[in-house]
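Pasted below: model.txt, compact mmCIF, C-alpha atoms.
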# COMPACT_ATOMS: atom_id res chain seq x y z
CA MET K 46 24.39 153.22 95.43
CA LYS K 47 24.99 154.03 99.10
CA VAL K 48 27.97 152.84 101.19
CA TYR K 49 28.46 152.98 104.96
CA ILE K 50 32.01 152.74 106.36
CA GLU K 51 32.54 151.83 110.01
CA THR K 52 36.06 152.34 111.28
CA HIS K 53 37.73 150.90 114.37
CA GLY K 54 41.26 151.32 115.66
CA CYS K 55 44.05 153.79 115.14
CA SER K 56 44.48 156.94 113.06
CA MET K 57 46.03 154.86 110.28
CA ASN K 58 42.77 152.93 109.97
CA ARG K 59 40.87 156.19 109.94
CA SER K 60 43.08 157.39 107.09
CA ASP K 61 42.49 154.12 105.21
CA SER K 62 38.72 154.62 105.54
CA GLU K 63 39.00 158.16 104.20
CA ILE K 64 40.89 156.81 101.18
CA MET K 65 38.28 154.09 100.55
CA ALA K 66 35.54 156.71 100.83
CA GLY K 67 37.38 158.95 98.37
CA LEU K 68 37.81 156.17 95.84
CA LEU K 69 34.17 155.15 96.12
CA LEU K 70 32.98 158.75 95.83
CA SER K 71 35.04 159.15 92.65
CA ALA K 72 33.43 155.98 91.26
CA GLY K 73 29.94 157.40 91.76
CA PHE K 74 28.97 155.90 95.11
CA GLU K 75 27.36 157.91 97.90
CA ILE K 76 28.84 157.72 101.41
CA VAL K 77 26.18 157.62 104.14
CA ASN K 78 26.36 157.81 107.92
CA SER K 79 24.42 154.73 109.01
CA GLU K 80 24.16 151.05 108.16
CA GLU K 81 20.39 151.33 107.96
CA GLU K 82 20.42 153.62 104.93
CA ALA K 83 23.30 151.83 103.16
CA ASP K 84 23.17 149.38 100.27
CA VAL K 85 26.70 148.16 101.09
CA ILE K 86 28.59 148.08 104.39
CA ILE K 87 32.37 148.23 104.93
CA LEU K 88 33.76 147.22 108.33
CA ASN K 89 37.35 148.45 108.73
CA THR K 90 38.78 146.29 111.51
CA CYS K 91 41.43 146.41 114.21
CA ASN K 92 42.77 143.47 116.23
CA VAL K 93 45.64 144.97 118.20
CA LYS K 94 44.20 143.49 121.41
CA GLY K 95 42.26 140.35 122.29
CA SER K 96 39.32 142.43 123.49
CA THR K 97 39.29 144.37 120.22
CA GLU K 98 39.30 141.11 118.26
CA GLN K 99 36.17 139.96 120.07
CA ARG K 100 34.52 143.31 119.39
CA MET K 101 35.28 143.00 115.67
CA ILE K 102 33.73 139.52 115.54
CA HIS K 103 30.65 140.85 117.30
CA ARG K 104 30.33 143.78 114.86
CA ALA K 105 30.86 141.55 111.80
CA LYS K 106 28.17 139.17 113.05
CA LYS K 107 25.73 141.98 113.84
CA LEU K 108 26.25 143.75 110.51
CA SER K 109 25.91 140.48 108.58
CA LEU K 110 22.45 140.00 110.10
CA LEU K 111 21.26 143.05 108.15
CA LYS K 112 21.42 140.85 105.02
CA LYS K 113 23.28 143.54 103.08
CA PRO K 114 26.56 143.06 101.20
CA LEU K 115 29.34 143.27 103.82
CA ILE K 116 33.00 143.93 103.11
CA VAL K 117 35.54 143.34 105.88
CA ALA K 118 38.72 145.39 105.59
CA GLY K 119 41.66 146.29 107.83
CA CYS K 120 44.24 144.52 109.95
CA MET K 121 42.04 141.67 111.16
CA ALA K 122 40.95 140.87 107.61
CA LYS K 123 44.64 140.47 106.75
CA THR K 124 45.83 138.47 109.77
CA GLN K 125 42.74 136.55 110.91
CA PRO K 126 40.46 136.10 107.88
CA TYR K 127 39.38 132.69 109.22
CA LEU K 128 37.50 134.45 112.04
CA LEU K 129 35.60 136.73 109.66
CA ASN K 130 34.87 134.78 106.47
CA ARG K 131 31.78 133.23 108.02
CA TYR K 132 30.24 136.72 107.97
CA SER K 133 31.59 138.03 104.67
CA LYS K 134 32.91 136.60 101.42
CA VAL K 135 34.68 139.86 100.56
CA LEU K 136 37.85 140.68 102.52
CA ILE K 137 40.61 143.18 101.72
CA GLY K 138 43.80 143.95 103.65
CA PRO K 139 45.22 147.37 104.55
CA LYS K 140 47.54 147.38 101.54
CA SER K 141 44.80 146.42 99.08
CA ILE K 142 42.41 149.32 99.72
CA ASP K 143 43.01 150.67 96.22
CA LYS K 144 40.78 147.79 95.05
CA ILE K 145 37.80 148.84 97.19
CA VAL K 146 35.63 149.68 94.17
CA ASP K 147 36.19 146.15 92.79
CA ALA K 148 35.45 144.72 96.24
CA VAL K 149 32.12 146.57 96.41
CA ALA K 150 31.19 145.38 92.92
CA HIS K 151 31.86 141.75 93.89
CA ALA K 152 29.93 142.16 97.13
CA LEU K 153 26.90 143.55 95.26
CA ARG K 154 26.96 140.51 92.95
CA GLY K 155 27.25 138.15 95.91
CA GLU K 156 30.65 136.91 94.71
CA GLU K 157 33.70 135.95 96.75
CA PHE K 158 36.57 138.42 96.63
CA VAL K 159 39.61 138.07 98.91
CA LEU K 160 42.58 140.34 98.36
CA LEU K 161 45.12 140.34 101.17
CA GLU K 162 48.36 140.93 99.25
CA ASP K 163 50.75 143.73 100.14
CA GLY K 164 50.42 146.33 97.41
CA GLU K 165 52.97 149.13 97.03
CA LEU K 166 50.59 151.98 97.80
CA ILE K 167 51.63 155.57 98.42
CA LYS K 168 48.61 156.41 100.53
CA VAL K 169 49.47 160.02 101.26
CA SER K 170 48.66 161.02 97.66
CA MET K 171 45.58 158.82 97.15
CA PRO K 172 42.08 160.37 96.84
CA ARG K 173 40.30 160.77 100.15
CA LEU K 174 37.08 162.03 101.69
CA ARG K 175 37.98 163.65 104.98
CA MET K 176 35.65 162.49 107.72
CA ASP K 177 36.03 165.27 110.26
CA ARG K 178 35.11 168.93 110.45
CA VAL K 179 38.36 170.02 112.07
CA THR K 180 41.00 167.30 111.69
CA SER K 181 42.81 166.01 108.63
CA VAL K 182 44.62 162.68 109.13
CA ILE K 183 47.70 162.37 106.93
CA PRO K 184 49.80 159.17 106.79
CA VAL K 185 53.55 159.67 106.38
CA SER K 186 54.50 155.99 106.18
CA GLU K 187 53.16 152.48 106.63
CA GLY K 188 54.72 149.54 108.44
CA CYS K 189 57.54 149.62 110.96
CA LEU K 190 61.12 148.55 111.67
CA GLY K 191 60.21 146.77 114.89
CA GLU K 192 60.04 143.08 115.77
CA CYS K 193 58.00 143.28 118.97
CA SER K 194 57.30 139.77 120.19
CA TYR K 195 53.66 140.47 121.07
CA CYS K 196 52.54 142.59 118.10
CA ILE K 197 50.17 141.33 115.42
CA THR K 198 49.89 144.68 113.63
CA ARG K 199 53.31 144.31 112.02
CA PHE K 200 52.04 141.26 110.14
CA ALA K 201 49.20 143.35 108.73
CA ARG K 202 51.16 146.49 107.88
CA GLY K 203 54.57 145.00 107.01
CA LYS K 204 57.96 146.63 106.92
CA LEU K 205 58.47 150.38 106.92
CA ARG K 206 57.71 152.28 103.74
CA SER K 207 58.12 156.02 104.15
CA TYR K 208 56.31 158.26 101.69
CA PRO K 209 58.19 160.97 99.78
CA ARG K 210 58.50 164.20 101.70
CA ASP K 211 57.25 166.38 98.84
CA LEU K 212 54.00 164.40 98.65
CA ILE K 213 53.45 164.78 102.41
CA ILE K 214 54.05 168.53 102.17
CA SER K 215 51.63 168.81 99.25
CA GLU K 216 48.91 166.95 101.14
CA ILE K 217 49.33 169.16 104.21
CA LYS K 218 49.12 172.27 102.03
CA ARG K 219 45.94 170.91 100.45
CA ALA K 220 44.37 170.24 103.86
CA VAL K 221 45.30 173.73 105.06
CA LYS K 222 43.87 175.28 101.90
CA GLU K 223 40.63 173.37 102.52
CA GLY K 224 40.47 174.97 105.97
CA TYR K 225 41.55 172.16 108.32
CA PRO K 226 43.16 173.78 111.38
CA GLN K 227 44.26 170.48 112.97
CA ILE K 228 46.38 167.84 111.25
CA PHE K 229 47.31 164.42 112.60
CA LEU K 230 50.51 162.96 111.16
CA THR K 231 50.18 159.20 111.51
CA SER K 232 52.07 155.94 110.95
CA GLU K 233 52.87 152.80 112.90
CA ASP K 234 55.94 154.57 114.31
CA MET K 235 56.48 158.25 113.52
CA GLY K 236 59.97 158.06 115.00
CA ALA K 237 61.07 155.71 112.22
CA TYR K 238 59.91 157.98 109.41
CA GLY K 239 62.46 158.33 106.64
CA LEU K 240 65.02 155.84 107.90
CA ASP K 241 64.38 153.66 104.82
CA ILE K 242 64.80 156.56 102.36
CA GLY K 243 67.76 158.42 103.82
CA THR K 244 66.02 161.07 105.93
CA ASN K 245 64.34 161.38 109.34
CA LEU K 246 61.36 162.82 111.18
CA ALA K 247 63.15 165.93 112.41
CA SER K 248 63.94 166.91 108.83
CA LEU K 249 60.31 166.39 107.79
CA LEU K 250 59.01 168.55 110.65
CA LYS K 251 61.43 171.37 109.78
CA GLU K 252 60.03 171.33 106.25
CA ILE K 253 56.44 171.36 107.48
CA ALA K 254 57.16 174.37 109.69
CA ARG K 255 57.78 176.41 106.52
CA ILE K 256 54.21 175.92 105.31
CA ARG K 257 52.19 179.13 105.62
CA GLY K 258 48.80 179.24 107.30
CA LEU K 259 47.01 178.82 110.62
CA PHE K 260 47.08 175.13 111.58
CA PHE K 261 48.35 172.83 114.29
CA ILE K 262 50.09 169.47 113.88
CA ARG K 263 49.83 166.49 116.22
CA VAL K 264 52.68 164.04 115.69
CA GLY K 265 51.74 160.42 116.35
CA MET K 266 53.46 157.73 118.40
CA MET K 267 57.27 157.63 118.43
CA ASN K 268 59.19 154.69 119.86
CA PRO K 269 62.00 155.72 122.24
CA HIS K 270 64.89 154.06 120.37
CA PHE K 271 64.22 156.14 117.24
CA VAL K 272 63.60 159.35 119.19
CA ILE K 273 66.78 159.23 121.25
CA SER K 274 68.99 159.15 118.16
CA GLN K 275 67.59 162.48 116.91
CA ILE K 276 66.36 164.03 120.16
CA GLU K 277 68.05 167.44 119.87
CA CYS K 278 67.02 168.05 116.25
CA LEU K 279 63.52 166.71 116.95
CA LEU K 280 62.88 168.96 119.93
CA SER K 281 64.27 171.90 117.99
CA ALA K 282 61.68 171.22 115.27
CA PHE K 283 58.92 170.97 117.88
CA GLU K 284 59.69 174.52 119.03
CA ASP K 285 57.71 175.84 116.08
CA LYS K 286 54.25 177.06 117.10
CA LYS K 287 52.60 174.86 114.46
CA PHE K 288 53.36 171.71 116.47
CA TYR K 289 51.34 170.65 119.47
CA LYS K 290 53.75 169.92 122.30
CA PHE K 291 52.36 166.38 122.47
CA PHE K 292 54.70 163.41 122.72
CA HIS K 293 53.38 159.84 122.55
CA ILE K 294 56.34 157.81 123.80
CA PRO K 295 55.40 154.25 124.88
CA VAL K 296 57.34 152.65 127.72
CA GLN K 297 55.32 149.36 127.87
CA SER K 298 57.23 148.15 130.95
CA GLY K 299 59.44 149.59 133.66
CA SER K 300 61.62 146.47 133.64
CA ASP K 301 64.56 146.05 131.27
CA LYS K 302 64.13 142.28 131.56
CA VAL K 303 60.56 142.46 130.30
CA LEU K 304 61.49 144.97 127.59
CA GLY K 305 64.07 142.44 126.39
CA TRP K 306 61.43 139.71 126.14
CA MET K 307 59.20 142.19 124.32
CA ARG K 308 62.03 142.95 121.84
CA ARG K 309 61.51 146.65 122.37
CA ARG K 310 65.15 147.65 121.63
CA TYR K 311 65.47 150.35 124.30
CA SER K 312 66.08 150.46 128.04
CA VAL K 313 64.05 152.08 130.80
CA ASN K 314 66.82 154.65 131.25
CA GLN K 315 66.61 155.59 127.58
CA PHE K 316 62.87 156.15 127.92
CA LEU K 317 63.52 158.33 130.98
CA GLU K 318 66.22 160.22 129.09
CA VAL K 319 63.75 161.06 126.30
CA VAL K 320 61.09 162.24 128.77
CA ASP K 321 63.64 164.34 130.69
CA ALA K 322 64.75 166.02 127.46
CA ILE K 323 61.14 166.87 126.55
CA ARG K 324 60.27 168.23 129.98
CA ASN K 325 63.54 170.19 130.21
CA LYS K 326 62.69 171.82 126.89
CA PHE K 327 58.99 172.56 127.39
CA GLY K 328 58.39 172.34 131.15
CA ASP K 329 54.73 171.99 132.12
CA LEU K 330 53.56 173.13 128.69
CA CYS K 331 53.79 169.70 127.10
CA THR K 332 51.84 166.46 127.25
CA ILE K 333 53.57 163.11 127.67
CA SER K 334 51.47 160.14 126.60
CA THR K 335 52.67 156.60 127.23
CA ASP K 336 51.49 153.01 126.85
CA VAL K 337 51.88 150.23 129.41
CA ILE K 338 51.25 146.50 129.01
CA VAL K 339 50.29 144.72 132.24
CA GLY K 340 50.64 140.98 132.68
CA PHE K 341 53.23 140.12 130.04
CA PRO K 342 54.10 136.41 130.44
CA THR K 343 57.56 137.07 131.93
CA GLU K 344 56.44 139.94 134.19
CA ASP K 345 56.87 139.02 137.87
CA GLU K 346 55.91 141.16 140.87
CA GLU K 347 59.29 142.90 140.91
CA ASP K 348 58.92 143.81 137.25
CA PHE K 349 55.44 145.18 137.84
CA GLU K 350 56.60 147.27 140.79
CA ALA K 351 59.35 148.66 138.56
CA THR K 352 56.67 149.77 136.11
CA MET K 353 54.77 151.43 138.95
CA ARG K 354 57.93 153.31 139.95
CA VAL K 355 58.52 154.58 136.42
CA ILE K 356 54.96 155.90 136.17
CA GLU K 357 55.30 157.55 139.58
CA ILE K 358 58.58 159.19 138.54
CA VAL K 359 57.48 160.37 135.08
CA LYS K 360 53.85 161.19 135.89
CA PRO K 361 52.67 161.06 132.26
CA GLU K 362 49.64 163.17 131.45
CA VAL K 363 48.14 160.32 129.39
CA ILE K 364 48.55 156.64 130.32
CA ASN K 365 47.10 153.91 128.11
CA ILE K 366 46.98 150.66 130.10
CA SER K 367 46.50 147.35 128.29
CA LYS K 368 45.94 143.97 129.90
CA PHE K 369 48.15 141.54 128.04
CA ALA K 370 46.42 138.98 125.84
CA PRO K 371 48.41 136.81 123.41
CA ARG K 372 47.89 137.55 119.72
CA PRO K 373 48.11 134.81 117.07
CA LEU K 374 51.23 134.65 114.87
CA THR K 375 53.38 136.18 117.64
CA PRO K 376 56.18 134.35 119.52
CA VAL K 377 54.72 135.29 122.92
CA ALA K 378 51.51 133.40 122.10
CA LEU K 379 53.47 130.15 122.60
CA MET K 380 54.57 131.06 126.14
CA ASN K 381 52.82 130.20 129.41
CA GLN K 382 50.38 133.01 130.13
CA LYS K 383 49.71 134.83 133.39
CA ASP K 384 46.69 134.01 135.54
CA PRO K 385 43.95 136.53 134.48
CA ARG K 386 43.34 137.32 138.15
CA ILE K 387 46.94 138.51 138.51
CA ILE K 388 46.60 140.67 135.40
CA LYS K 389 43.34 142.16 136.66
CA ARG K 390 44.84 142.97 140.07
CA ARG K 391 47.91 144.63 138.54
CA SER K 392 45.84 146.59 136.06
CA LYS K 393 43.61 147.91 138.83
CA LYS K 394 46.59 148.95 140.92
CA LEU K 395 48.26 150.72 138.01
CA SER K 396 45.00 152.41 137.02
CA GLU K 397 44.66 153.83 140.53
CA LEU K 398 48.18 155.23 140.34
CA ALA K 399 47.52 156.61 136.85
CA TYR K 400 44.49 158.50 138.13
CA LYS K 401 46.57 160.11 140.87
CA VAL K 402 49.50 161.18 138.70
CA LYS K 403 47.25 162.57 135.96
CA MET K 404 45.39 164.63 138.55
CA ILE K 405 48.71 165.97 139.84
CA ARG K 406 49.79 167.02 136.35
CA ASN K 407 46.44 168.57 135.40
CA THR K 408 46.07 170.46 138.68
CA LEU K 409 49.20 172.44 137.76
CA HIS K 410 47.16 174.33 135.17
CA VAL K 411 44.28 175.49 137.35
CA GLY K 412 44.15 179.29 137.42
CA ARG K 413 46.17 179.69 134.22
CA GLU K 414 45.02 181.17 130.90
CA TYR K 415 45.74 179.43 127.58
CA PRO K 416 44.94 179.76 123.88
CA ALA K 417 43.13 176.70 122.54
CA LEU K 418 41.51 175.33 119.38
CA VAL K 419 37.88 174.20 119.57
CA VAL K 420 37.86 170.70 118.05
CA ARG K 421 34.67 168.96 119.17
CA ARG K 422 31.07 169.64 120.10
CA PHE K 423 29.48 167.43 122.78
CA SER K 424 26.11 169.21 123.01
CA LYS K 425 24.45 172.53 122.26
CA ASP K 426 26.73 174.48 124.59
CA LEU K 427 29.47 172.02 125.63
CA PHE K 428 32.66 171.92 123.57
CA GLN K 429 36.14 170.49 123.80
CA ALA K 430 39.20 172.52 122.89
CA ARG K 431 42.88 171.62 122.76
CA THR K 432 45.58 173.79 124.29
CA LEU K 433 48.76 174.22 122.28
CA PHE K 434 50.24 171.42 124.38
CA TYR K 435 47.23 169.26 123.40
CA ARG K 436 45.50 169.12 126.78
CA PRO K 437 41.72 168.72 126.37
CA VAL K 438 39.66 171.55 127.89
CA ARG K 439 35.88 171.39 128.19
CA ILE K 440 34.09 174.71 127.87
CA ARG K 441 30.43 175.66 128.22
CA SER K 442 29.38 178.46 125.91
CA SER K 443 26.67 179.13 123.34
CA LYS K 444 29.11 181.29 121.35
CA LEU K 445 31.42 178.51 120.18
CA ARG K 446 31.74 176.32 117.13
CA GLU K 447 34.39 173.90 115.93
CA GLY K 448 37.45 175.51 114.36
CA LEU K 449 37.53 178.63 116.54
CA MET K 450 40.63 179.78 118.37
CA VAL K 451 39.81 180.86 121.91
CA ARG K 452 41.43 181.93 125.14
CA VAL K 453 40.32 180.03 128.24
CA LEU K 454 40.84 180.26 131.99
CA ILE K 455 41.37 176.82 133.54
CA GLU K 456 39.05 176.52 136.53
CA GLU K 457 39.06 172.81 137.33
CA ALA K 458 41.19 169.70 136.81
CA ARG K 459 39.97 166.19 136.13
CA SER K 460 42.19 163.17 135.53
CA ASN K 461 41.48 163.04 131.79
CA HIS K 462 40.72 166.68 130.97
CA LEU K 463 40.61 170.26 132.18
CA ARG K 464 37.52 172.44 132.57
CA GLY K 465 37.71 176.07 131.60
CA ARG K 466 35.81 179.32 131.15
CA LEU K 467 35.75 181.13 127.82
CA LEU K 468 37.55 184.47 128.05
CA GLU K 469 37.48 185.49 124.41
CA ILE K 470 37.28 184.24 120.85
CA VAL K 471 40.54 185.21 119.20
CA GLY K 472 40.26 183.82 115.66
CA LYS K 473 38.65 181.39 113.26
CA VAL K 474 39.38 179.39 110.13
CA PRO K 475 37.89 180.76 106.87
CA ARG K 476 34.14 180.31 106.78
CA TYR K 477 34.12 178.71 103.33
CA ALA K 478 36.54 176.05 104.52
CA THR K 479 34.51 175.22 107.61
CA ASP K 480 31.35 174.88 105.50
CA LEU K 481 33.18 172.53 103.14
CA ALA K 482 34.36 170.41 106.07
CA ILE K 483 30.87 170.25 107.57
CA LYS K 484 29.40 169.20 104.21
CA ARG K 485 31.93 166.41 103.91
CA ALA K 486 31.57 165.28 107.50
CA SER K 487 27.81 164.99 107.07
CA GLN K 488 28.30 162.47 104.26
CA THR K 489 30.06 159.82 106.28
CA ASN K 490 30.66 158.31 109.70
CA THR K 491 33.46 156.78 111.71
CA ALA K 492 33.13 154.76 114.90
CA LEU K 493 36.64 155.08 116.25
CA ASP K 494 37.61 152.41 118.76
CA HIS K 495 40.29 152.56 121.46
CA LYS K 496 43.43 154.20 120.01
CA SER K 497 46.38 151.96 120.51
CA SER K 498 48.78 154.24 118.47
CA SER K 499 48.51 157.54 116.60

As structure tokens, what does this structure read like?
Amino acid sequence: MKVYIETHGCSMNRSDSEIMAGLLLSAGFEIVNSEEEADVIILNTCNVKGSTEQRMIHRAKKLSLLKKPLIVAGCMAKTQPYLLNRYSKVLIGPKSIDKIVDAVAHALRGEEFVLLEDGELIKVSMPRLRMDRVTSVIPVSEGCLGECSYCITRFARGKLRSYPRDLIISEIKRAVKEGYPQIFLTSEDMGAYGLDIGTNLASLLKEIARIRGLFFIRVGMMNPHFVISQIECLLSAFEDKKFYKFFHIPVQSGSDKVLGWMRRRYSVNQFLEVVDAIRNKFGDLCTISTDVIVGFPTEDEEDFEATMRVIEIVKPEVINISKFAPRPLTPVALMNQKDPRIIKRRSKKLSELAYKVKMIRNTLHVGREYPALVVRRFSKDLFQARTLFYRPVRIRSSKLREGLMVRVLIEEARSNHLRGRLLEIVGKVPRYATDLAIKRASQTNTALDHKSSS
């Protein structure tokens, strides 16, 4: 029996899909890479934004028209099942994915099966089928300690539950042994890791640095108020060569007033303090990624201009701009909303500034040489690599393949990536491991949507 899994949303959703695929594979199902060849379809949903919600409804409707058993999983299944049950009678939430085999069995029999309870899953140690040739996604916790007034994800993922450190270390070692040179550590808020079990992220990273092998770690999103309390120890841990110098620190607004309404629990100055500490430590050889919400109900023109000033001061290398749209279940949904024309105008203005500041930051690297890991193939001779500070570099060469370490000369800057020339191939992951990854990747498919958090 063949199953197709389509994944939208963040790295945590991607990890959930890998777990579902692993459980199904163990139960004798075959994972395929298209809905056309599948007997059963699983749609793993995201609804972090209003636009994403509409996309999920469209995909559920389209997939249901194939007249094949359809299972809807993920955050939207948990928080908005009433928008999806017209397309599927089988829905499971993010904390019920251990029952995916039962869900498929019910779907095949045409029976209703709705399981949205919050199970106590330790996902880091669950079976999984990795869906990428180069990258292993490893969850370190689920849920968060936040109470953001606009966020629907917290109702899907719940309160923070950090996974035991020894299980995380074991899973990383397993991924490295299997030949994965790039590892994404993911959760709703990496900065909060361990605070519910008497430890912290800095301590976890120090332990990871002791693992032997050639691999690189990308740490996911960290909220400023959890970073600032451990900033010195955290940056000390990041000094290790295993960690990409990539820091996803969302600001959301440049106005303390708006941050208060958002219930973000940090000030603009604290965000700036975190960024200053990172840049003082690593200079130009780091990547700052941030998120900004435009058009929050209480955001006036002065607040928006304050956000513009913060972006101009910090000049983040990555800027994720979201037009505010109220999410159900959240307090902000009950407030008077901004005129969409105002939101559109502000978003356009901020996007224009973002383009300029990203160009400024990327232009700094033109003429420099860097080691990089080849992580993606676009075409026969066009590849994307990541520098050790996680900047994407596009390279044309017929000599490359995913998993190679290379040295590149940066010849051109674009707002979202660099363009470079291959100087030399300096290393590679073991051939057997790459072949294993390719075999696994060919068995499945993910359709990753806009990443709201890592």

Open item on the list: Set the distance at 12 Å and use all atoms listed in the file: which residues neighbour Pro376 of chain K once local chain neighbours fewer than 6 positions away are removed? I'd like the list as a list in words.
Closed with: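 Listing them by chain and then by number gives Glu192, Cys193, Ser194, Tyr195, Cys196, Ile197, Trp306, Met307, Arg308 and Pro342 of chain K.
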
Task: Residues near Ser298 of chain K, cut-off 7 Å, all atoms listed in the file, skip fewer than 6 positions along chain, as a ChimeraX atom specification - done: /K:304,337-338,352

Open item on the list: My list of candidates is K:Ala122, K:Ile242, K:Leu128, K:Val179. Which is closest to Leu161 of chain K when distances are computed with only C-alpha atoms?
Closed with: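 Looking only at the distances to Leu161 of chain K, the closest residue turns out to be K:Ala122.
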
TODO: Would you please work out which residue, of K:Ala378, K:Ala351, K:Met176, K:Ala72, is nearest to Ile50 of chain K when using all atoms listed in the file?
DONE: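 Answer, going by the shortest atom-to-atom distance: K:Met176.
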
Open item on the list: Please determine, counting only C-alpha atoms, which residue among K:Ser442, K:Asn130, K:Asn268, K:Thr124 has the shortest atom-to-atom distance to Ile102 of chain K.
Closed with: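 Closest to Ile102 of chain K, using only C-alpha atoms: K:Asn130.
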
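Atom to atom, atom CA of Arg131 of chain K and atom CA of Ser109 of chain K stand 9.3 Å apart.
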
Residues within 8 Å of segment 79-93 of chain K, only C-alpha atoms, excluding chain neighbours under 2 positions, as a PDB file with C-alpha atoms, in the frame of the given file:
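Below is the file out08.pdb, written as the result:
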ATOM      1  CA  MET K  46      24.390 153.220  95.430  1.00  0.00           C
ATOM      2  CA  LYS K  47      24.990 154.030  99.100  1.00  0.00           C
ATOM      3  CA  VAL K  48      27.970 152.840 101.190  1.00  0.00           C
ATOM      4  CA  TYR K  49      28.460 152.980 104.960  1.00  0.00           C
ATOM      5  CA  ILE K  50      32.010 152.740 106.360  1.00  0.00           C
ATOM      6  CA  GLU K  51      32.540 151.830 110.010  1.00  0.00           C
ATOM      7  CA  THR K  52      36.060 152.340 111.280  1.00  0.00           C
ATOM      8  CA  HIS K  53      37.730 150.900 114.370  1.00  0.00           C
ATOM      9  CA  GLY K  54      41.260 151.320 115.660  1.00  0.00           C
ATOM     10  CA  CYS K  55      44.050 153.790 115.140  1.00  0.00           C
ATOM     11  CA  ASN K  58      42.770 152.930 109.970  1.00  0.00           C
ATOM     12  CA  SER K  62      38.720 154.620 105.540  1.00  0.00           C
ATOM     13  CA  VAL K  77      26.180 157.620 104.140  1.00  0.00           C
ATOM     14  CA  GLY K  95      42.260 140.350 122.290  1.00  0.00           C
ATOM     15  CA  THR K  97      39.290 144.370 120.220  1.00  0.00           C
ATOM     16  CA  GLU K  98      39.300 141.110 118.260  1.00  0.00           C
ATOM     17  CA  MET K 101      35.280 143.000 115.670  1.00  0.00           C
ATOM     18  CA  ALA K 105      30.860 141.550 111.800  1.00  0.00           C
ATOM     19  CA  LEU K 108      26.250 143.750 110.510  1.00  0.00           C
ATOM     20  CA  LYS K 113      23.280 143.540 103.080  1.00  0.00           C
ATOM     21  CA  PRO K 114      26.560 143.060 101.200  1.00  0.00           C
ATOM     22  CA  LEU K 115      29.340 143.270 103.820  1.00  0.00           C
ATOM     23  CA  ILE K 116      33.000 143.930 103.110  1.00  0.00           C
ATOM     24  CA  VAL K 117      35.540 143.340 105.880  1.00  0.00           C
ATOM     25  CA  ALA K 118      38.720 145.390 105.590  1.00  0.00           C
ATOM     26  CA  GLY K 119      41.660 146.290 107.830  1.00  0.00           C
ATOM     27  CA  CYS K 120      44.240 144.520 109.950  1.00  0.00           C
ATOM     28  CA  MET K 121      42.040 141.670 111.160  1.00  0.00           C
ATOM     29  CA  ALA K 122      40.950 140.870 107.610  1.00  0.00           C
ATOM     30  CA  VAL K 149      32.120 146.570  96.410  1.00  0.00           C
ATOM     31  CA  ALA K 152      29.930 142.160  97.130  1.00  0.00           C
ATOM     32  CA  LEU K 153      26.900 143.550  95.260  1.00  0.00           C
ATOM     33  CA  CYS K 196      52.540 142.590 118.100  1.00  0.00           C
ATOM     34  CA  ILE K 197      50.170 141.330 115.420  1.00  0.00           C
ATOM     35  CA  THR K 198      49.890 144.680 113.630  1.00  0.00           C
ATOM     36  CA  ARG K 372      47.890 137.550 119.720  1.00  0.00           C
ATOM     37  CA  ASN K 490      30.660 158.310 109.700  1.00  0.00           C
ATOM     38  CA  SER K 497      46.380 151.960 120.510  1.00  0.00           C
TER      39      SER K 497
END

Which residues come within 7 Å of Met267 of chain K, counting only C-alpha atoms, excluding same-chain residues fewer than 3 positions away, as a PDB file with C-alpha atoms, in the coordinates of the input?
ATOM      1  CA  ASP K 234      55.940 154.570 114.310  1.00  0.00           C
ATOM      2  CA  MET K 235      56.480 158.250 113.520  1.00  0.00           C
ATOM      3  CA  GLY K 236      59.970 158.060 115.000  1.00  0.00           C
ATOM      4  CA  VAL K 272      63.600 159.350 119.190  1.00  0.00           C
ATOM      5  CA  HIS K 293      53.380 159.840 122.550  1.00  0.00           C
ATOM      6  CA  ILE K 294      56.340 157.810 123.800  1.00  0.00           C
TER       7      ILE K 294
END

TODO: For segment 328-332 of chain K, please output as number ranges by chain all residues within 12 Å (counting only C-alpha atoms; exclusion window: fewer than 2 positions along the same chain).
DONE: K: 263-264, 280, 283-284, 288-294, 320-326, 334-335, 359-364, 403, 405-410, 413-416, 431-437, 461-462
